[in-house]
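Enquirer: Have a peek at my_file08.pdb (PDB, C-alpha atoms and all ligand atoms).
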ATOM      1  CA  ARG J   3     -18.761  -2.307 -33.236
ATOM      2  CA  GLN J   4     -21.348  -2.301 -30.500
ATOM      3  CA  ALA J   5     -23.184  -5.151 -32.234
ATOM      4  CA  ARG J   6     -19.953  -7.093 -32.489
ATOM      5  CA  PHE J   7     -19.341  -6.736 -28.750
ATOM      6  CA  SER J   8     -22.862  -7.650 -27.750
ATOM      7  CA  LYS J   9     -22.428 -10.937 -29.677
ATOM      8  CA  LEU J  10     -19.589 -11.692 -27.274
ATOM      9  CA  ARG J  11     -21.862 -11.307 -24.264
ATOM     10  CA  HIS J  12     -22.219 -15.034 -23.679
ATOM     11  CA  VAL J  13     -18.705 -15.932 -24.796
ATOM     12  CA  GLN J  14     -16.193 -16.712 -22.048
ATOM     13  CA  ALA J  15     -13.012 -14.651 -22.099
ATOM     14  CA  ILE J  16     -10.361 -17.249 -22.985
ATOM     15  CA  THR J  17      -7.092 -16.320 -24.672
ATOM     16  CA  LYS J  18      -5.736 -18.018 -27.801
ATOM     17  CA  ASP J  19      -3.407 -20.037 -25.577
ATOM     18  CA  GLY J  20      -6.283 -21.209 -23.388
ATOM     19  CA  GLU J  21      -6.053 -18.879 -20.378
ATOM     20  CA  ARG J  22      -9.392 -18.055 -18.751
ATOM     21  CA  VAL J  23      -9.628 -14.388 -17.804
ATOM     22  CA  LEU J  24     -12.268 -13.033 -15.443
ATOM     23  CA  LEU J  25     -13.684  -9.769 -16.734
ATOM     24  CA  ASN J  26     -15.617  -8.094 -13.960
ATOM     25  CA  MET J  27     -17.323  -4.752 -13.861
ATOM     26  CA  ASN J  28     -17.193  -1.866 -11.397
ATOM     27  CA  ALA J  29     -20.471  -0.593  -9.945
ATOM     28  CA  GLY J  30     -21.741   1.689  -7.225
ATOM     29  CA  LEU J  31     -25.539   1.887  -7.350
ATOM     30  CA  THR J  32     -28.373  -0.560  -7.938
ATOM     31  CA  VAL J  33     -29.049   1.109 -11.310
ATOM     32  CA  ASP J  34     -25.680  -0.243 -12.482
ATOM     33  CA  LEU J  35     -26.747  -3.864 -12.034
ATOM     34  CA  PRO J  36     -28.530  -4.435 -15.376
ATOM     35  CA  HIS J  37     -25.135  -3.740 -16.989
ATOM     36  CA  LEU J  38     -23.923  -6.979 -15.469
ATOM     37  CA  TYR J  39     -26.040  -8.862 -18.015
ATOM     38  CA  GLN J  40     -25.810  -6.386 -20.886
ATOM     39  CA  SER J  41     -22.022  -6.234 -20.723
ATOM     40  CA  GLY J  42     -21.382  -9.944 -20.278
ATOM     41  CA  ALA J  43     -19.209  -9.358 -17.199
ATOM     42  CA  ASP J  44     -18.404 -12.334 -14.962
ATOM     43  CA  GLY J  45     -19.246 -10.485 -11.763
ATOM     44  CA  ILE J  46     -18.680  -7.248  -9.888
ATOM     45  CA  GLY J  47     -15.016  -6.800  -9.057
ATOM     46  CA  LEU J  48     -15.548  -3.521  -7.231
ATOM     47  CA  TYR J  49     -18.786  -2.327  -5.709
ATOM     48  CA  ARG J  50     -18.160   1.211  -4.417
ATOM     49  CA  THR J  51     -20.494   1.355  -1.401
ATOM     50  CA  GLU J  52     -19.796   5.050  -0.842
ATOM     51  CA  LEU J  53     -22.111   6.032  -3.692
ATOM     52  CA  GLN J  54     -25.187   5.264  -1.579
ATOM     53  CA  PHE J  55     -23.706   7.396   1.194
ATOM     54  CA  MET J  56     -22.918  10.262  -1.171
ATOM     55  CA  VAL J  57     -26.435  10.571  -2.566
ATOM     56  CA  ALA J  58     -28.033  10.427   0.907
ATOM     57  CA  SER J  59     -28.671  13.437   3.147
ATOM     58  CA  ARG J  60     -27.556  11.609   6.301
ATOM     59  CA  PHE J  61     -25.806   8.356   7.145
ATOM     60  CA  PRO J  62     -27.924   5.515   5.750
ATOM     61  CA  LYS J  63     -29.224   3.389   8.618
ATOM     62  CA  MET J  64     -28.189  -0.250   8.960
ATOM     63  CA  GLU J  65     -31.521  -1.434   7.592
ATOM     64  CA  GLU J  66     -31.301   0.868   4.569
ATOM     65  CA  GLN J  67     -27.807  -0.382   3.829
ATOM     66  CA  ARG J  68     -28.886  -3.999   4.273
ATOM     67  CA  LYS J  69     -31.752  -3.581   1.803
ATOM     68  CA  THR J  70     -29.444  -2.087  -0.805
ATOM     69  CA  TYR J  71     -26.816  -4.828  -0.449
ATOM     70  CA  ASN J  72     -29.500  -7.468  -0.468
ATOM     71  CA  ARG J  73     -30.869  -6.129  -3.742
ATOM     72  CA  ILE J  74     -27.423  -6.035  -5.284
ATOM     73  CA  LEU J  75     -26.803  -9.669  -4.389
ATOM     74  CA  ASP J  76     -30.253 -10.694  -5.627
ATOM     75  CA  MET J  77     -29.769  -8.865  -8.897
ATOM     76  CA  ALA J  78     -26.297 -10.355  -9.349
ATOM     77  CA  GLY J  79     -27.973 -13.773  -9.257
ATOM     78  CA  GLY J  80     -25.074 -15.746  -7.830
ATOM     79  CA  ARG J  81     -22.290 -13.956  -9.664
ATOM     80  CA  ARG J  82     -19.597 -12.800  -7.276
ATOM     81  CA  VAL J  83     -19.857  -9.240  -5.941
ATOM     82  CA  ILE J  84     -16.924  -7.646  -4.129
ATOM     83  CA  PHE J  85     -18.203  -4.967  -1.778
ATOM     84  CA  ARG J  86     -15.708  -2.340  -0.811
ATOM     85  CA  SER J  87     -16.150  -0.805   2.624
ATOM     86  CA  LEU J  88     -16.791   2.907   2.758
ATOM     87  CA  ASP J  89     -14.141   4.878   0.854
ATOM     88  CA  VAL J  90     -15.032   8.494   1.620
ATOM     89  CA  GLY J  91     -12.742  11.366   2.365
ATOM     90  CA  GLY J  92     -10.319  12.796  -0.143
ATOM     91  CA  ASP J  93     -12.382  14.073  -3.052
ATOM     92  CA  LYS J  94     -15.457  12.059  -1.990
ATOM     93  CA  VAL J  95     -17.247  14.174   0.592
ATOM     94  CA  LEU J  96     -20.355  13.441   2.636
ATOM     95  CA  PRO J  97     -22.117  16.776   3.223
ATOM     96  CA  TYR J  98     -23.462  15.560   6.583
ATOM     97  CA  LEU J  99     -20.103  14.444   7.937
ATOM     98  CA  ARG J 100     -18.383  17.155   9.922
ATOM     99  CA  ARG J 101     -14.702  17.231   9.197
ATOM    100  CA  VAL J 102     -11.788  19.615   9.340
ATOM    101  CA  LYS J 103     -10.462  21.091   6.131
ATOM    102  CA  GLU J 104      -7.425  19.229   4.881
ATOM    103  CA  GLU J 105      -4.506  20.651   2.894
ATOM    104  CA  ASN J 106      -3.967  17.345   1.067
ATOM    105  CA  PRO J 107      -7.248  15.437   1.160
ATOM    106  CA  ALA J 108      -5.970  12.619  -1.081
ATOM    107  CA  LEU J 109      -3.417  11.909   1.634
ATOM    108  CA  GLY J 110      -5.798  12.598   4.457
ATOM    109  CA  TRP J 111      -8.448  11.111   6.686
ATOM    110  CA  ARG J 112     -10.164   8.782   4.288
ATOM    111  CA  ALA J 113     -11.366   5.233   3.690
ATOM    112  CA  ILE J 114     -10.082   2.666   6.210
ATOM    113  CA  ARG J 115      -8.536   5.440   8.322
ATOM    114  CA  MET J 116     -11.968   6.881   8.937
ATOM    115  CA  SER J 117     -13.485   3.415   9.432
ATOM    116  CA  LEU J 118     -10.980   2.564  12.154
ATOM    117  CA  ASP J 119     -11.435   5.925  13.890
ATOM    118  CA  ARG J 120     -15.239   5.589  13.717
ATOM    119  CA  PRO J 121     -15.642   1.870  14.380
ATOM    120  CA  ALA J 122     -19.408   2.122  14.846
ATOM    121  CA  LEU J 123     -19.745   3.250  11.229
ATOM    122  CA  PHE J 124     -17.669   0.351   9.975
ATOM    123  CA  ARG J 125     -19.432  -2.190  12.153
ATOM    124  CA  THR J 126     -22.838  -0.971  11.001
ATOM    125  CA  GLN J 127     -21.777  -1.468   7.410
ATOM    126  CA  ALA J 128     -20.257  -4.884   8.130
ATOM    127  CA  ARG J 129     -23.460  -5.891   9.912
ATOM    128  CA  ALA J 130     -25.619  -4.741   7.002
ATOM    129  CA  LEU J 131     -23.446  -6.676   4.544
ATOM    130  CA  MET J 132     -23.460  -9.846   6.640
ATOM    131  CA  ARG J 133     -27.230  -9.779   7.036
ATOM    132  CA  ALA J 134     -27.733  -9.091   3.344
ATOM    133  CA  ALA J 135     -25.493 -12.017   2.478
ATOM    134  CA  ALA J 136     -26.961 -14.461   5.013
ATOM    135  CA  GLY J 137     -26.547 -17.955   3.558
ATOM    136  CA  ARG J 138     -24.562 -16.623   0.596
ATOM    137  CA  GLU J 139     -20.965 -15.714  -0.068
ATOM    138  CA  LEU J 140     -19.798 -12.295   1.122
ATOM    139  CA  SER J 141     -16.659 -10.664  -0.263
ATOM    140  CA  LEU J 142     -15.576  -7.560   1.603
ATOM    141  CA  MET J 143     -12.691  -5.422   0.413
ATOM    142  CA  LEU J 144     -10.856  -2.867   2.539
ATOM    143  CA  PRO J 145      -9.645   0.294   0.778
ATOM    144  CA  PHE J 146      -6.520   2.340   1.396
ATOM    145  CA  ILE J 147      -4.636  -0.092   3.598
ATOM    146  CA  ALA J 148      -1.139   1.285   4.286
ATOM    147  CA  ASP J 149      -0.137  -0.918   7.187
ATOM    148  CA  VAL J 150      -0.826  -4.513   8.143
ATOM    149  CA  SER J 151      -2.145  -3.298  11.517
ATOM    150  CA  GLU J 152      -5.058  -1.593   9.737
ATOM    151  CA  LEU J 153      -6.061  -4.916   8.208
ATOM    152  CA  LEU J 154      -5.844  -6.570  11.621
ATOM    153  CA  GLY J 155      -7.909  -3.766  13.165
ATOM    154  CA  ALA J 156     -10.629  -4.099  10.539
ATOM    155  CA  LYS J 157     -10.635  -7.890  10.853
ATOM    156  CA  ALA J 158     -11.094  -7.567  14.614
ATOM    157  CA  LEU J 159     -14.169  -5.382  14.024
ATOM    158  CA  ILE J 160     -15.525  -7.906  11.518
ATOM    159  CA  ASP J 161     -14.979 -10.692  14.078
ATOM    160  CA  LYS J 162     -16.980  -8.703  16.618
ATOM    161  CA  GLU J 163     -19.834  -8.552  14.133
ATOM    162  CA  VAL J 164     -19.632 -12.305  13.562
ATOM    163  CA  GLU J 165     -19.883 -12.808  17.323
ATOM    164  CA  HIS J 166     -22.787 -10.383  17.519
ATOM    165  CA  ALA J 167     -24.635 -12.227  14.741
ATOM    166  CA  LYS J 168     -24.071 -15.581  16.438
ATOM    167  CA  LYS J 169     -25.268 -14.250  19.783
ATOM    168  CA  HIS J 170     -28.479 -13.035  18.176
ATOM    169  CA  SER J 171     -28.883 -16.209  16.105
ATOM    170  CA  HIS J 172     -28.678 -14.386  12.794
ATOM    171  CA  GLU J 173     -27.770 -16.561   9.874
ATOM    172  CA  LEU J 174     -24.209 -15.843   8.725
ATOM    173  CA  PRO J 175     -22.908 -15.670   5.157
ATOM    174  CA  SER J 176     -22.041 -19.142   3.860
ATOM    175  CA  GLU J 177     -18.527 -17.882   3.282
ATOM    176  CA  MET J 178     -16.785 -14.664   4.304
ATOM    177  CA  ARG J 179     -13.938 -13.492   2.091
ATOM    178  CA  VAL J 180     -11.912 -10.495   3.215
ATOM    179  CA  GLY J 181      -9.516  -8.712   0.911
ATOM    180  CA  VAL J 182      -7.533  -5.515   0.650
ATOM    181  CA  MET J 183      -6.909  -2.968  -2.025
ATOM    182  CA  VAL J 184      -3.304  -2.508  -3.020
ATOM    183  CA  GLU J 185      -3.219   1.215  -3.694
ATOM    184  CA  ILE J 186      -0.650   2.698  -1.310
ATOM    185  CA  PRO J 187       3.018   2.086  -2.155
ATOM    186  CA  ALA J 188       4.033   1.213   1.428
ATOM    187  CA  ILE J 189       1.896  -1.914   1.249
ATOM    188  CA  LEU J 190       4.054  -3.286  -1.564
ATOM    189  CA  TYR J 191       6.681  -4.047   1.054
ATOM    190  CA  GLN J 192       4.232  -5.804   3.373
ATOM    191  CA  LEU J 193       2.745  -8.221   0.875
ATOM    192  CA  ASP J 194       4.494 -11.230   2.406
ATOM    193  CA  GLN J 195       2.791 -10.428   5.718
ATOM    194  CA  ILE J 196      -0.553  -9.407   4.261
ATOM    195  CA  LEU J 197      -1.161 -12.051   1.606
ATOM    196  CA  PRO J 198      -1.458 -14.964   4.084
ATOM    197  CA  LEU J 199      -4.051 -12.938   6.039
ATOM    198  CA  VAL J 200      -6.461 -12.232   3.183
ATOM    199  CA  ASP J 201      -8.577 -14.162   0.707
ATOM    200  CA  PHE J 202      -7.841 -11.792  -2.155
ATOM    201  CA  ILE J 203      -6.223  -8.523  -3.143
ATOM    202  CA  SER J 204      -7.180  -6.037  -5.816
ATOM    203  CA  VAL J 205      -4.875  -3.364  -7.168
ATOM    204  CA  GLY J 206      -6.425   0.109  -7.161
ATOM    205  CA  SER J 207      -4.234   1.412  -9.948
ATOM    206  CA  ASN J 208      -5.851   4.868  -9.945
ATOM    207  CA  ASP J 209      -4.556   5.605  -6.484
ATOM    208  CA  LEU J 210      -1.442   3.447  -6.705
ATOM    209  CA  LEU J 211      -0.227   5.289  -9.817
ATOM    210  CA  GLN J 212      -1.096   8.695  -8.397
ATOM    211  CA  PHE J 213       1.088   7.956  -5.378
ATOM    212  CA  LEU J 214       3.812   6.164  -7.304
ATOM    213  CA  PHE J 215       4.358   9.123  -9.628
ATOM    214  CA  ALA J 216       3.220  11.786  -7.143
ATOM    215  CA  ALA J 217       0.697  12.975  -9.740
ATOM    216  CA  ASP J 218      -2.773  14.017  -8.564
ATOM    217  CA  ARG J 219      -5.378  11.945 -10.451
ATOM    218  CA  GLU J 220      -7.807  14.898 -10.219
ATOM    219  CA  ASN J 221      -5.418  17.473 -11.655
ATOM    220  CA  ASP J 222      -5.697  17.719 -15.464
ATOM    221  CA  ARG J 223      -2.219  19.133 -15.800
ATOM    222  CA  VAL J 224      -0.558  16.086 -14.307
ATOM    223  CA  ALA J 225      -3.083  13.247 -14.282
ATOM    224  CA  ARG J 226      -2.035  11.922 -17.704
ATOM    225  CA  ARG J 227       1.569  12.982 -17.508
ATOM    226  CA  PHE J 228       2.828   9.544 -16.486
ATOM    227  CA  ASP J 229       1.745   6.511 -18.439
ATOM    228  CA  PRO J 230       0.425   3.411 -16.643
ATOM    229  CA  LEU J 231       2.596   1.546 -19.165
ATOM    230  CA  HIS J 232       5.720   3.174 -17.755
ATOM    231  CA  SER J 233       8.186   0.396 -16.970
ATOM    232  CA  SER J 234       8.305   1.499 -13.297
ATOM    233  CA  ALA J 235       4.567   0.978 -12.963
ATOM    234  CA  LEU J 236       4.725  -2.337 -14.803
ATOM    235  CA  LYS J 237       7.558  -3.553 -12.553
ATOM    236  CA  VAL J 238       5.395  -2.817  -9.524
ATOM    237  CA  LEU J 239       2.409  -4.627 -11.035
ATOM    238  CA  ARG J 240       4.560  -7.592 -12.055
ATOM    239  CA  GLU J 241       5.895  -7.855  -8.515
ATOM    240  CA  ILE J 242       2.389  -7.816  -7.033
ATOM    241  CA  ALA J 243       1.275 -10.575  -9.411
ATOM    242  CA  ALA J 244       4.357 -12.684  -8.635
ATOM    243  CA  LYS J 245       3.870 -12.335  -4.858
ATOM    244  CA  ALA J 246       0.178 -13.191  -5.026
ATOM    245  CA  ILE J 247       0.904 -16.228  -7.198
ATOM    246  CA  ALA J 248       3.638 -17.367  -4.788
ATOM    247  CA  HIS J 249       1.194 -17.049  -1.856
ATOM    248  CA  LYS J 250      -1.637 -18.643  -3.881
ATOM    249  CA  THR J 251      -3.882 -15.671  -3.116
ATOM    250  CA  ASP J 252      -6.478 -14.450  -5.617
ATOM    251  CA  PHE J 253      -5.443 -11.167  -7.169
ATOM    252  CA  ALA J 254      -7.047  -8.683  -9.523
ATOM    253  CA  LEU J 255      -6.872  -5.070 -10.645
ATOM    254  CA  CYS J 256      -9.843  -2.709 -10.601
ATOM    255  CA  GLY J 257      -8.497   0.704 -11.684
ATOM    256  CA  GLU J 258      -9.265   2.532 -14.930
ATOM    257  CA  MET J 259      -6.362   0.971 -16.821
ATOM    258  CA  ALA J 260      -8.205  -2.378 -16.777
ATOM    259  CA  GLY J 261     -10.723  -0.880 -19.222
ATOM    260  CA  ARG J 262      -8.205   0.216 -21.860
ATOM    261  CA  PRO J 263      -7.283  -2.533 -24.332
ATOM    262  CA  VAL J 264      -3.507  -2.029 -24.608
ATOM    263  CA  ASP J 265      -3.154  -1.452 -20.856
ATOM    264  CA  ALA J 266      -5.297  -4.492 -20.056
ATOM    265  CA  MET J 267      -3.260  -6.532 -22.524
ATOM    266  CA  ALA J 268      -0.120  -5.586 -20.591
ATOM    267  CA  LEU J 269      -1.770  -6.732 -17.358
ATOM    268  CA  LEU J 270      -2.419 -10.152 -18.865
ATOM    269  CA  GLY J 271       1.204 -10.277 -19.986
ATOM    270  CA  LEU J 272       2.257  -9.661 -16.380
ATOM    271  CA  GLY J 273       0.134 -12.539 -15.090
ATOM    272  CA  PHE J 274      -3.195 -10.939 -14.172
ATOM    273  CA  ARG J 275      -6.200 -13.179 -14.926
ATOM    274  CA  SER J 276      -8.903 -11.076 -13.272
ATOM    275  CA  ILE J 277      -9.579  -7.411 -13.973
ATOM    276  CA  SER J 278     -12.520  -5.144 -13.247
ATOM    277  CA  MET J 279     -13.635  -2.170 -15.327
ATOM    278  CA  ALA J 280     -16.493   0.104 -16.344
ATOM    279  CA  PRO J 281     -19.305  -1.954 -17.968
ATOM    280  CA  ALA J 282     -18.809  -0.319 -21.385
ATOM    281  CA  SER J 283     -15.258  -1.653 -21.522
ATOM    282  CA  VAL J 284     -16.103  -5.317 -20.994
ATOM    283  CA  GLY J 285     -16.945  -5.996 -24.681
ATOM    284  CA  PRO J 286     -13.835  -4.357 -26.171
ATOM    285  CA  ILE J 287     -11.594  -5.972 -23.549
ATOM    286  CA  LYS J 288     -13.151  -9.369 -24.205
ATOM    287  CA  ALA J 289     -12.410  -8.990 -27.912
ATOM    288  CA  MET J 290      -8.781  -8.256 -26.998
ATOM    289  CA  VAL J 291      -8.555 -11.315 -24.717
ATOM    290  CA  LEU J 292      -9.946 -13.625 -27.386
ATOM    291  CA  SER J 293      -7.264 -12.616 -29.875
ATOM    292  CA  LEU J 294      -4.303 -12.623 -27.474
ATOM    293  CA  ASP J 295      -1.560 -15.205 -26.960
ATOM    294  CA  THR J 296      -0.366 -14.456 -23.401
ATOM    295  CA  LYS J 297       2.770 -16.597 -23.695
ATOM    296  CA  LYS J 298       3.980 -14.730 -26.730
ATOM    297  CA  LEU J 299       3.180 -11.408 -25.081
ATOM    298  CA  GLY J 300       4.654 -12.373 -21.704
ATOM    299  CA  GLU J 301       8.083 -13.200 -23.099
ATOM    300  CA  MET J 302       8.316  -9.976 -25.048
ATOM    301  CA  LEU J 303       6.866  -7.862 -22.243
ATOM    302  CA  ASN J 304       9.296  -9.066 -19.593
ATOM    303  CA  GLY J 305      12.227  -8.100 -21.778
ATOM    304  CA  LEU J 306      10.739  -4.683 -22.468
ATOM    305  CA  VAL J 307       9.979  -4.015 -18.815
ATOM    306  CA  ASP J 308      13.504  -4.966 -17.755
ATOM    307  CA  GLY J 309      15.192  -3.167 -20.619
ATOM    308  CA  ASN J 310      13.460   0.195 -20.380
ATOM    309  CA  CYS J 311      13.079   2.990 -17.915
ATOM    310  CA  SER J 312      10.242   4.830 -19.609
ATOM    311  CA  THR J 313       6.873   4.062 -21.176
ATOM    312  CA  ILE J 314       6.642   1.034 -23.453
ATOM    313  CA  ARG J 315       3.263   1.957 -24.921
ATOM    314  CA  ARG J 316       4.632   2.299 -28.426
ATOM    315  CA  GLU J 317       6.113  -1.215 -28.380
ATOM    316  CA  LEU J 318       2.939  -2.747 -26.936
ATOM    317  CA  THR J 319       0.721  -0.955 -29.434
ATOM    318  CA  GLU J 320       2.952  -2.246 -32.217
ATOM    319  CA  PHE J 321       2.682  -5.814 -30.835
ATOM    320  CA  ALA J 322      -1.111  -5.526 -30.748
ATOM    321  CA  ARG J 323      -1.178  -4.268 -34.341
ATOM    322  CA  LYS J 324       1.059  -7.045 -35.640
ATOM    323  CA  GLU J 325      -0.923  -9.707 -33.798
ATOM    324  CA  ASN J 326      -4.244  -8.311 -35.055
ATOM    325  CA  ILE J 327      -5.454  -7.677 -31.533
TER     326      ILE J 327
HETATM  327  C1  LIG B   1      -8.441   2.881  -7.504
HETATM  328  O1  LIG B   1      -7.936   3.631  -6.679
HETATM  329  O2  LIG B   1      -7.842   2.463  -8.516
HETATM  330  C2  LIG B   1      -9.822   2.391  -7.344
HETATM  331  C3  LIG B   1     -10.290   1.404  -8.086
HETATM  332  O3  LIG B   1     -10.635   2.978  -6.436
HETATM  333  P1  LIG B   1     -11.184   4.474  -6.552
HETATM  334  O4  LIG B   1     -11.025   4.890  -7.998
HETATM  335  O5  LIG B   1     -12.590   4.419  -6.094
HETATM  336  O6  LIG B   1     -10.277   5.219  -5.630
HETATM  337 MG    MG B   2      -8.733   4.041  -4.721
END
Spit out the file's structure as structure tokens when you get a sec.

Expert:
Amino acid sequence: RQARFSKLRHVQAITKDGERVLLNMNAGLTVDLPHLYQSGADGIGLYRTELQFMVASRFPKMEEQRKTYNRILDMAGGRRVIFRSLDVGGDKVLPYLRRVKEENPALGWRAIRMSLDRPALFRTQARALMRAAAGRELSLMLPFIADVSELLGAKALIDKEVEHAKKHSHELPSEMRVGVMVEIPAILYQLDQILPLVDFISVGSNDLLQFLFAADRENDRVARRFDPLHSSALKVLREIAAKAIAHKTDFALCGEMAGRPVDAMALLGLGFRSISMAPASVGPIKAMVLSLDTKKLGEMLNGLVDGNCSTIRRELTEFARKENI
């Protein structure tokens, strides 16, 4: 099987009905980068910058961050990399960051909330990213946005860094793309306001599903209790895709479900054409894409999603079997 997938490395992911699908990989350290070539991924759809912070014994200085980001971009060799700003808090702790104990850390002071309360931290990271990407494209993704004002706040800090760079005659990125993660249910009802303000969105289905079903992703007793192929989850994902298409904004999904063939197949049926996953999943998912007819799937899937109020995994698995996917 592995040999079969490695043969697909240089094959583009195009469905039987001619739809090009971007298969990106998730990464978090420079050691992940060789996987970009071994897996045949199109780019990095989620670079979790917090990993560098978690393995350090103190906050990495601007210059240390810059060097890391610079290396990542060099190693990616022109393939797009989406850097996510620091997503610590919750289960991801920095031993050197003093913080109060939280009863519900997943719902606590994390990610963009921390960045906005500690703007110097965020600006240092934005500065390091902009310097690393001087003359190249920079894609920066903001995690855990619950309110449009948080996006505006972060954008204001980014603008300050652009001004700072100009004042000091530092070369800017050739293009700055700012996006948000869709992973908090409240944001689903702000998409019409948010989509015109961003260059892209990416669904963080790990968090989005944990909050949608109120099921802790870290708790073995409940983490797999609700299926990502539950019609409620698929209705939400379908709505996000439809809104992004209507606003002509790039959209993707970068949670674990993107790496599971039947789940990823469902995403394509809902209109997703860009998904990001662990490197080991890229081959198997590419094989699925190559044997899929999205039109045939889409028609059937819409009916199933509308006509059910539970998981439709059985029906989708049956479809995949019949279609030799
Ligand atoms: C997610 O929430 O789905 C996601 C991709 O981010 P993380 O798993 O790092 O929270
Ligand atoms: Mg998340």

Enquirer: Please determine, counting all atoms listed in the file, which residue among J:Lys168, J:Arg125, J:His12, J:Arg219 has the shortest atom-to-atom distance to ligand MG 2 (chain B).

Expert: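 Looking only at the distances to ligand MG 2 (chain B), the closest residue turns out to be J:Arg219.
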
Enquirer: The PyMOL selection byres (((chain J and resi 71-88) around 7) and not hetatm) - which residues does that actually catch in the file I just gave you? List them as a list in words.

Expert: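 Selected by the PyMOL selection byres (((chain J and resi 71-88) around 7) and not hetatm) in this file: Thr32, Leu35, Asp44, Gly45, Ile46, Gly47, Leu48, Tyr49, Arg50, Thr51, Glu52, Gln67, Arg68, Lys69, Thr70, Asp89, Val90, Ala113, Leu131, Ala134, Ala135, Ser141, Leu142, Met143, Leu144 and Pro145 of chain J.
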
Enquirer: Please identify all polymer residues within 12 Å of segment 116-118 of chain J, counting all atoms listed in the file, omitting same-chain residues fewer than 3 positions from it, and present them as a PyMOL selection string.

Expert: chain J and resi 86-92+99+101+110-113+121-128+144-147+151-160

Enquirer: For atom CA of Pro263 of chain J and atom CA of Met290 of chain J, determine how far apart the two atoms are, in Å to one decimal place.

Expert: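 Going from atom CA of Pro263 of chain J over to atom CA of Met290 of chain J, I get 6.5 Å.
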
Enquirer: Please, which residues in chain J fall within 8 Å of ligand MG 2 (chain B) when counting all atoms listed in the file, and what is the closest atom pair and distance in Å to one decimal for each, ordered by chain then residue number, as a Markdown table?

Expert:
| residue | atom | partner | partner_atom | distance |
| --- | --- | --- | --- | --- |
| J:Asp89 | CA | B:MG2 | MG | 7.8 |
| J:Pro145 | CA | B:MG2 | MG | 6.7 |
| J:Phe146 | CA | B:MG2 | MG | 6.7 |
| J:Met183 | CA | B:MG2 | MG | 7.7 |
| J:Glu185 | CA | B:MG2 | MG | 6.3 |
| J:Gly206 | CA | B:MG2 | MG | 5.2 |
| J:Ser207 | CA | B:MG2 | MG | 7.4 |
| J:Asn208 | CA | B:MG2 | MG | 6.0 |
| J:Asp209 | CA | B:MG2 | MG | 4.8 |
| J:Leu210 | CA | B:MG2 | MG | 7.6 |
| J:Gly257 | CA | B:MG2 | MG | 7.7 |

Enquirer: Limited to C-alpha atoms, could you put the picked residues into a file as a PDB file, in the frame of the given file?

Expert:
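After the write, selection_15.pdb holds the following:
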ATOM      1  CA  ASP J  89     -14.141   4.878   0.854  1.00  0.00           C
ATOM      2  CA  PRO J 145      -9.645   0.294   0.778  1.00  0.00           C
ATOM      3  CA  PHE J 146      -6.520   2.340   1.396  1.00  0.00           C
ATOM      4  CA  MET J 183      -6.909  -2.968  -2.025  1.00  0.00           C
ATOM      5  CA  GLU J 185      -3.219   1.215  -3.694  1.00  0.00           C
ATOM      6  CA  GLY J 206      -6.425   0.109  -7.161  1.00  0.00           C
ATOM      7  CA  SER J 207      -4.234   1.412  -9.948  1.00  0.00           C
ATOM      8  CA  ASN J 208      -5.851   4.868  -9.945  1.00  0.00           C
ATOM      9  CA  ASP J 209      -4.556   5.605  -6.484  1.00  0.00           C
ATOM     10  CA  LEU J 210      -1.442   3.447  -6.705  1.00  0.00           C
ATOM     11  CA  GLY J 257      -8.497   0.704 -11.684  1.00  0.00           C
TER      12      GLY J 257
END

Enquirer: Return as lines of an AutoDock Vina configuration file the box centre and box size in Å, one decimal, for an axis-aligned box around all listed atoms of ligand LIG 1 (chain B) padded by 5 Å per side.

Expert:
center_x = -10.2
center_y = 3.3
center_z = -7.1
size_x = 14.7
size_y = 13.8
size_z = 12.9

Enquirer: Calculated over all atoms listed in the file, which of the candidates J:His37, J:Lys18, J:Lys94, J:Arg100 has the smallest distance to ligand LIG 1 (chain B)?

Expert: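 That would be J:Lys94, the residue with the smallest distance to ligand LIG 1 (chain B).
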
Enquirer: In terms of the shortest atom-to-atom distance over all atoms listed in the file, which of J:Ser8, J:Asn28, J:Ser276, J:Thr17 is closest to ligand LIG 1 (chain B)?

Expert: J:Asn28

Enquirer: Rank nothing, just name the residue among J:Leu53, J:Ala130, J:Ser234, J:Ala15 nearest to Ala29 of chain J, using only C-alpha atoms.

Expert: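 With only C-alpha atoms as the atom set, the closest residue is J:Leu53.
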
Enquirer: What is the distance, in Å and to one decimal place, between atom CA of Asp218 of chain J and atom CA of Ala235 of chain J?

Expert: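 Separation between atom CA of Asp218 of chain J and atom CA of Ala235 of chain J: 15.6 Å.
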
Enquirer: Pick out the closest residue to ligand LIG 1 (chain B) from this set: J:Val291, J:Ala266, J:Ala260, J:Leu193. Count all atoms listed in the file.

Expert: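 Comparing J:Val291, J:Ala266, J:Ala260, J:Leu193 against ligand LIG 1 (chain B), the winner is J:Ala260.
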
Enquirer: Assuming the chain letters and numbering stay as they are in my file, what does the PyMOL selection byres (((chain J and resi 312) around 8) and not hetatm) actually select? List them as a list in words.

Expert: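 Selected by the PyMOL selection byres (((chain J and resi 312) around 8) and not hetatm) here: His232, Ser233, Ser234, Asn310, Cys311, Thr313 and Ile314 of chain J.
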
Enquirer: So which one's closest to ligand LIG 1 (chain B), J:Gln212, J:Asn304, J:Asn26, J:Thr296? Using all atoms listed in the file, please.

Expert: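 The shortest atom-to-atom distance to ligand LIG 1 (chain B) comes from J:Gln212.
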
Enquirer: Work out how far apart atom CA of Val150 of chain J and atom CA of Val200 of chain J are and give it in Å to one decimal.

Expert: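 Calculated distance between atom CA of Val150 of chain J and atom CA of Val200 of chain J is 10.8 Å.
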
Enquirer: Could you tell me, as a ChimeraX atom specification, exactly which residues end up selected when the PyMOL selection byres (((chain J and resi 315) around 9) and not hetatm) is applied to this structure?

Expert: /J:229-232,264-265,313-314,316-320
